[in-house]
Each structure stands twice: as C-alpha cells, then as structure tokens.
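Undergrad: A single structure is presented below for examination.
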Amino acid sequence: AIDAAAHVLDGVFGGVEANTVGGVAFLIENATEKWNTGARVTVLDRFALQAVFMDLDTISGGASWTRRF
C-alpha cells in the first residue's frame with residue numbers, strides 16, 4: 001500500500017514531449033519536486049518501448065500496445 005500523505009503533489013507539474021523522425025520521442029517532466037526524462041520508440045505504429053530516468057537517477061521502463069477504435 002502507498003501512504004498517500006507521503007506522496008502529496010505540492011507545486012508545479014508539467015512535461016514536454018518532442019517527437020523526432022523515425023518514431024522516437026524525447027520526454028522531460030517536472031513532478032513538483034523531481035525531474036524525470038526519457039525516450040519512447042514507437043514501432044509498427046502501435047507498439048512502443050519507453051525508457052526513463054526517474055528523479056534523474058533511477059532507470060525505469062515499459063512497453064505499450066495501442067488499439068485504436
């Protein structure tokens with residue numbers, strides 16, 4: 001369980017995504033107290049792989065499949 005009192009967002013939150021040629025997007029965001037950055041690669045127009053640096057010191061990643069209706 002997550003203790004919500006320890007995870008209060010207090011301040012400015014926002015981000016920017018810049019898409020480039022070849023399905024690569026670069027990301028940067030500020031989550032009130034921490035900066036995060038990363039990149040997303042989209043292949044086959046629906047499958048994406050993402051790698052991020054949380055608080056600029058911890059590596060994380062993910063994958064997604066988009067289904068359009």
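Each chain in the structure tokens gets a letter, A, B, ..., in the order shown, and its residues are numbered from 1; ligands are numbered from 1 in order too.
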Please provide the set of residues having any atom within 9 Å of segment 42-56 of chain A, restricted to only C-alpha atoms, with same-chain residues fewer than 5 positions apart removed, written as a ChimeraX atom specification.
TA: /A:22-25,27,31,33-37,61-68
Undergrad: Go ahead and dump the residues you just picked, all heavy atoms, as a compact mmCIF listing (two decimals), in the first residue's frame.
TA:
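Contents of again.txt, freshly written:
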# COMPACT_ATOMS: atom_id res chain seq x y z
N GLY A 22 11.51 8.95 -37.32
CA GLY A 22 11.75 7.55 -37.01
C GLY A 22 10.97 7.02 -35.82
O GLY A 22 11.28 5.96 -35.30
N GLY A 23 9.97 7.74 -35.35
CA GLY A 23 9.16 7.25 -34.26
C GLY A 23 9.78 7.38 -32.89
O GLY A 23 9.37 6.71 -31.95
N VAL A 24 10.79 8.24 -32.72
CA VAL A 24 11.43 8.44 -31.42
C VAL A 24 10.91 9.74 -30.80
O VAL A 24 10.84 10.76 -31.47
CB VAL A 24 12.97 8.52 -31.55
CG1 VAL A 24 13.61 8.77 -30.20
CG2 VAL A 24 13.52 7.24 -32.17
N ALA A 25 10.54 9.68 -29.53
CA ALA A 25 10.09 10.87 -28.81
C ALA A 25 10.96 11.03 -27.56
O ALA A 25 11.27 10.05 -26.88
CB ALA A 25 8.63 10.72 -28.40
N LEU A 27 11.30 12.91 -23.82
CA LEU A 27 10.37 13.38 -22.80
C LEU A 27 11.13 14.05 -21.66
O LEU A 27 12.22 13.60 -21.30
CB LEU A 27 9.59 12.20 -22.22
CG LEU A 27 9.15 11.12 -23.19
CD1 LEU A 27 8.87 9.83 -22.46
CD2 LEU A 27 7.93 11.59 -23.93
N ALA A 31 7.81 16.76 -11.72
CA ALA A 31 6.74 16.24 -10.87
C ALA A 31 6.82 16.91 -9.50
O ALA A 31 7.06 16.27 -8.49
CB ALA A 31 6.85 14.73 -10.74
N GLU A 33 8.64 18.04 -7.30
CA GLU A 33 9.93 18.06 -6.59
C GLU A 33 11.03 17.32 -7.35
O GLU A 33 12.19 17.38 -6.97
CB GLU A 33 9.78 17.41 -5.22
CG GLU A 33 8.83 18.14 -4.30
CD GLU A 33 8.61 17.41 -3.00
OE1 GLU A 33 9.21 16.33 -2.80
OE2 GLU A 33 7.83 17.90 -2.18
N LYS A 34 10.67 16.60 -8.40
CA LYS A 34 11.63 15.75 -9.10
C LYS A 34 11.55 15.98 -10.61
O LYS A 34 10.48 16.21 -11.15
CB LYS A 34 11.34 14.28 -8.81
CG LYS A 34 11.44 13.94 -7.35
CD LYS A 34 11.10 12.50 -7.09
CE LYS A 34 11.20 12.20 -5.60
NZ LYS A 34 10.93 10.81 -5.31
N TRP A 35 12.70 15.86 -11.27
CA TRP A 35 12.77 15.93 -12.72
C TRP A 35 12.92 14.52 -13.27
O TRP A 35 13.69 13.72 -12.75
CB TRP A 35 13.95 16.78 -13.17
CG TRP A 35 13.69 18.25 -12.99
CD1 TRP A 35 14.02 19.00 -11.92
CD2 TRP A 35 13.03 19.10 -13.90
NE1 TRP A 35 13.59 20.29 -12.10
CE2 TRP A 35 12.98 20.38 -13.32
CE3 TRP A 35 12.47 18.92 -15.16
CZ2 TRP A 35 12.41 21.47 -13.97
CZ3 TRP A 35 11.90 20.01 -15.79
CH2 TRP A 35 11.86 21.26 -15.20
N ASN A 36 12.18 14.21 -14.32
CA ASN A 36 12.25 12.93 -14.99
C ASN A 36 12.47 13.17 -16.47
O ASN A 36 11.99 14.16 -17.03
CB ASN A 36 10.93 12.15 -14.80
CG ASN A 36 10.55 12.01 -13.34
OD1 ASN A 36 11.36 11.62 -12.52
ND2 ASN A 36 9.32 12.35 -13.02
N THR A 37 13.22 12.28 -17.11
CA THR A 37 13.47 12.40 -18.55
C THR A 37 13.50 11.01 -19.15
O THR A 37 13.70 10.03 -18.44
CB THR A 37 14.77 13.17 -18.82
OG1 THR A 37 14.89 13.39 -20.23
CG2 THR A 37 15.98 12.43 -18.31
N GLY A 61 11.37 1.51 -17.11
CA GLY A 61 10.97 1.33 -18.50
C GLY A 61 9.61 0.69 -18.61
O GLY A 61 9.00 0.30 -17.61
N GLY A 62 9.15 0.59 -19.83
CA GLY A 62 7.86 -0.01 -20.05
C GLY A 62 7.61 -0.26 -21.52
O GLY A 62 8.38 0.15 -22.39
N ALA A 63 6.52 -0.94 -21.78
CA ALA A 63 6.09 -1.23 -23.14
C ALA A 63 4.59 -1.04 -23.21
O ALA A 63 3.88 -1.24 -22.22
CB ALA A 63 6.46 -2.65 -23.53
N SER A 64 4.10 -0.65 -24.37
CA SER A 64 2.66 -0.46 -24.53
C SER A 64 2.23 -0.85 -25.94
O SER A 64 3.01 -0.79 -26.90
CB SER A 64 2.25 0.97 -24.22
OG SER A 64 2.82 1.86 -25.17
N TRP A 65 0.98 -1.25 -26.05
CA TRP A 65 0.36 -1.58 -27.32
C TRP A 65 -0.90 -0.73 -27.41
O TRP A 65 -1.75 -0.77 -26.50
CB TRP A 65 0.00 -3.07 -27.36
CG TRP A 65 -0.69 -3.47 -28.63
CD1 TRP A 65 -2.04 -3.54 -28.82
CD2 TRP A 65 -0.10 -3.84 -29.85
NE1 TRP A 65 -2.31 -3.94 -30.09
CE2 TRP A 65 -1.13 -4.13 -30.77
CE3 TRP A 65 1.22 -3.93 -30.29
CZ2 TRP A 65 -0.89 -4.53 -32.06
CZ3 TRP A 65 1.46 -4.34 -31.59
CH2 TRP A 65 0.42 -4.63 -32.46
N THR A 66 -1.05 0.02 -28.47
CA THR A 66 -2.18 0.91 -28.65
C THR A 66 -3.19 0.28 -29.60
O THR A 66 -2.82 -0.14 -30.70
CB THR A 66 -1.74 2.27 -29.21
OG1 THR A 66 -0.79 2.84 -28.32
CG2 THR A 66 -2.92 3.21 -29.37
N ARG A 67 -4.42 0.22 -29.18
CA ARG A 67 -5.51 -0.29 -30.03
C ARG A 67 -6.46 0.86 -30.28
O ARG A 67 -7.07 1.40 -29.35
CB ARG A 67 -6.24 -1.43 -29.31
CG ARG A 67 -7.48 -1.89 -30.00
CD ARG A 67 -7.14 -2.70 -31.24
NE ARG A 67 -8.39 -3.26 -31.77
CZ ARG A 67 -8.75 -3.11 -33.02
NH1 ARG A 67 -7.98 -2.47 -33.87
NH2 ARG A 67 -9.86 -3.64 -33.43
N ARG A 68 -6.58 1.26 -31.53
CA ARG A 68 -7.45 2.38 -31.88
C ARG A 68 -8.83 1.86 -32.27
O ARG A 68 -8.95 0.89 -33.00
CB ARG A 68 -6.83 3.17 -33.02
CG ARG A 68 -5.55 3.85 -32.60
CD ARG A 68 -4.95 4.67 -33.74
NE ARG A 68 -3.75 5.31 -33.31
CZ ARG A 68 -2.53 4.82 -33.48
NH1 ARG A 68 -2.36 3.66 -34.07
NH2 ARG A 68 -1.47 5.47 -33.06
Undergrad: To one decimal place in Å, what is the distance between atom CA of Val12 of chain A and atom CA of Asn30 of chain A?
TA: 7.4 Å
Undergrad: Could you give me, as an MDAnalysis selection string, each residue of chain A that DSSP assigns to strand (DSSP E or B) when run on this structure's backbone?
TA: chainID A and resid 13:19 24:31 35:43 47:54 58:65
Undergrad: Would you export the selected residues with N, CA, C and O atoms as a compact mmCIF listing (two decimals), in the first residue's frame, please?
TA:
# COMPACT_ATOMS: atom_id res chain seq x y z
N PHE A 13 3.48 20.99 -11.87
CA PHE A 13 3.64 19.71 -12.53
C PHE A 13 3.45 19.93 -14.02
O PHE A 13 2.53 20.61 -14.44
N GLY A 14 4.36 19.39 -14.83
CA GLY A 14 4.20 19.54 -16.28
C GLY A 14 5.29 18.80 -17.01
O GLY A 14 6.27 18.35 -16.43
N GLY A 15 5.09 18.67 -18.31
CA GLY A 15 6.07 17.97 -19.12
C GLY A 15 6.00 18.38 -20.58
O GLY A 15 5.06 19.03 -21.02
N VAL A 16 7.03 17.95 -21.31
CA VAL A 16 7.14 18.24 -22.74
C VAL A 16 7.57 16.97 -23.44
O VAL A 16 8.42 16.23 -22.94
N GLU A 17 6.99 16.72 -24.60
CA GLU A 17 7.38 15.60 -25.44
C GLU A 17 7.74 16.15 -26.80
O GLU A 17 6.97 16.91 -27.39
N ALA A 18 8.93 15.81 -27.31
CA ALA A 18 9.38 16.25 -28.62
C ALA A 18 9.54 15.03 -29.51
O ALA A 18 10.37 14.17 -29.24
N ASN A 19 8.72 14.95 -30.55
CA ASN A 19 8.80 13.83 -31.49
C ASN A 19 9.85 14.11 -32.55
O ASN A 19 10.01 15.24 -33.00
N VAL A 24 10.79 8.24 -32.72
CA VAL A 24 11.43 8.44 -31.42
C VAL A 24 10.91 9.74 -30.80
O VAL A 24 10.84 10.76 -31.47
N ALA A 25 10.54 9.68 -29.53
CA ALA A 25 10.09 10.87 -28.81
C ALA A 25 10.96 11.03 -27.56
O ALA A 25 11.27 10.05 -26.88
N PHE A 26 11.36 12.26 -27.28
CA PHE A 26 12.12 12.57 -26.08
C PHE A 26 11.20 13.27 -25.10
O PHE A 26 10.41 14.13 -25.48
N LEU A 27 11.30 12.91 -23.82
CA LEU A 27 10.37 13.38 -22.80
C LEU A 27 11.13 14.05 -21.66
O LEU A 27 12.22 13.60 -21.30
N ILE A 28 10.52 15.08 -21.09
CA ILE A 28 11.05 15.68 -19.86
C ILE A 28 9.85 16.19 -19.06
O ILE A 28 8.89 16.72 -19.64
N GLU A 29 9.87 15.98 -17.76
CA GLU A 29 8.77 16.45 -16.92
C GLU A 29 9.28 16.84 -15.55
O GLU A 29 10.32 16.38 -15.11
N ASN A 30 8.51 17.70 -14.91
CA ASN A 30 8.77 18.06 -13.53
C ASN A 30 7.56 17.62 -12.72
O ASN A 30 6.44 18.00 -13.01
N ALA A 31 7.81 16.76 -11.72
CA ALA A 31 6.74 16.24 -10.87
C ALA A 31 6.82 16.91 -9.50
O ALA A 31 7.06 16.27 -8.49
N TRP A 35 12.70 15.86 -11.27
CA TRP A 35 12.77 15.93 -12.72
C TRP A 35 12.92 14.52 -13.27
O TRP A 35 13.69 13.72 -12.75
N ASN A 36 12.18 14.21 -14.32
CA ASN A 36 12.25 12.93 -14.99
C ASN A 36 12.47 13.17 -16.47
O ASN A 36 11.99 14.16 -17.03
N THR A 37 13.22 12.28 -17.11
CA THR A 37 13.47 12.40 -18.55
C THR A 37 13.50 11.01 -19.15
O THR A 37 13.70 10.03 -18.44
N GLY A 38 13.31 10.93 -20.44
CA GLY A 38 13.34 9.63 -21.08
C GLY A 38 13.11 9.70 -22.57
O GLY A 38 13.08 10.78 -23.16
N ALA A 39 12.93 8.52 -23.16
CA ALA A 39 12.68 8.42 -24.59
C ALA A 39 11.68 7.29 -24.84
O ALA A 39 11.62 6.33 -24.09
N ARG A 40 10.90 7.47 -25.91
CA ARG A 40 9.94 6.46 -26.32
C ARG A 40 10.17 6.16 -27.79
O ARG A 40 10.27 7.08 -28.61
N VAL A 41 10.24 4.89 -28.14
CA VAL A 41 10.39 4.46 -29.52
C VAL A 41 9.12 3.73 -29.92
O VAL A 41 8.71 2.77 -29.25
N THR A 42 8.49 4.18 -30.99
CA THR A 42 7.27 3.54 -31.49
C THR A 42 7.61 2.76 -32.75
O THR A 42 8.23 3.29 -33.67
N VAL A 43 7.22 1.48 -32.74
CA VAL A 43 7.43 0.63 -33.91
C VAL A 43 6.10 0.05 -34.35
O VAL A 43 5.20 -0.16 -33.54
N PHE A 47 3.09 -0.32 -31.25
CA PHE A 47 3.89 -0.86 -30.16
C PHE A 47 4.97 0.15 -29.77
O PHE A 47 5.66 0.67 -30.63
N ALA A 48 5.09 0.46 -28.47
CA ALA A 48 6.07 1.45 -28.02
C ALA A 48 6.89 0.91 -26.86
O ALA A 48 6.37 0.20 -25.99
N LEU A 49 8.16 1.23 -26.87
CA LEU A 49 9.06 0.93 -25.76
C LEU A 49 9.51 2.25 -25.16
O LEU A 49 9.82 3.19 -25.89
N GLN A 50 9.54 2.33 -23.83
CA GLN A 50 9.89 3.57 -23.15
C GLN A 50 10.95 3.30 -22.10
O GLN A 50 10.86 2.33 -21.36
N ALA A 51 11.96 4.16 -22.07
CA ALA A 51 12.98 4.12 -21.02
C ALA A 51 13.04 5.50 -20.38
O ALA A 51 13.05 6.51 -21.09
N VAL A 52 13.03 5.55 -19.05
CA VAL A 52 13.02 6.83 -18.35
C VAL A 52 14.01 6.83 -17.19
O VAL A 52 14.36 5.79 -16.65
N PHE A 53 14.45 8.03 -16.83
CA PHE A 53 15.27 8.24 -15.65
C PHE A 53 14.41 8.99 -14.64
O PHE A 53 14.16 10.18 -14.78
N MET A 54 13.94 8.28 -13.63
CA MET A 54 13.10 8.87 -12.59
C MET A 54 13.99 9.64 -11.62
O MET A 54 14.99 9.08 -11.14
N THR A 58 17.24 6.98 -11.28
CA THR A 58 16.72 5.62 -11.28
C THR A 58 16.16 5.29 -12.66
O THR A 58 15.32 6.02 -13.18
N ILE A 59 16.62 4.18 -13.23
CA ILE A 59 16.16 3.77 -14.55
C ILE A 59 14.89 2.95 -14.43
O ILE A 59 14.77 2.08 -13.57
N SER A 60 13.94 3.25 -15.31
CA SER A 60 12.69 2.50 -15.36
C SER A 60 12.30 2.36 -16.83
O SER A 60 12.86 3.05 -17.69
N GLY A 61 11.37 1.51 -17.11
CA GLY A 61 10.97 1.33 -18.50
C GLY A 61 9.61 0.69 -18.61
O GLY A 61 9.00 0.30 -17.61
N GLY A 62 9.15 0.59 -19.83
CA GLY A 62 7.86 -0.01 -20.05
C GLY A 62 7.61 -0.26 -21.52
O GLY A 62 8.38 0.15 -22.39
N ALA A 63 6.52 -0.94 -21.78
CA ALA A 63 6.09 -1.23 -23.14
C ALA A 63 4.59 -1.04 -23.21
O ALA A 63 3.88 -1.24 -22.22
N SER A 64 4.10 -0.65 -24.37
CA SER A 64 2.66 -0.46 -24.53
C SER A 64 2.23 -0.85 -25.94
O SER A 64 3.01 -0.79 -26.90
N TRP A 65 0.98 -1.25 -26.05
CA TRP A 65 0.36 -1.58 -27.32
C TRP A 65 -0.90 -0.73 -27.41
O TRP A 65 -1.75 -0.77 -26.50
Undergrad: What are the DSSP helix (DSSP H, G or I) residues of chain A, as a list in words?
TA: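 Written out, the helix (DSSP H, G or I) residues of chain A are Ala4, Ala5, Ala6 and His7 of chain A.
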Undergrad: Take the residues that were just selected and, keeping N, CA and C atoms, output them as a PDB file, in the first residue's frame.
TA:
ATOM      1  N   ALA A   4      -0.540   7.795   1.174  1.00  0.00           N
ATOM      2  CA  ALA A   4      -0.818   8.983   0.370  1.00  0.00           C
ATOM      3  C   ALA A   4      -0.253  10.253   0.991  1.00  0.00           C
ATOM      4  N   ALA A   5      -0.157  10.333   2.297  1.00  0.00           N
ATOM      5  CA  ALA A   5       0.369  11.534   2.942  1.00  0.00           C
ATOM      6  C   ALA A   5       1.827  11.770   2.568  1.00  0.00           C
ATOM      7  N   ALA A   6       2.555  10.720   2.231  1.00  0.00           N
ATOM      8  CA  ALA A   6       3.970  10.852   1.866  1.00  0.00           C
ATOM      9  C   ALA A   6       4.152  11.178   0.386  1.00  0.00           C
ATOM     10  N   HIS A   7       3.053  11.240  -0.388  1.00  0.00           N
ATOM     11  CA  HIS A   7       3.150  11.444  -1.827  1.00  0.00           C
ATOM     12  C   HIS A   7       2.247  12.575  -2.303  1.00  0.00           C
TER      13      HIS A   7
END
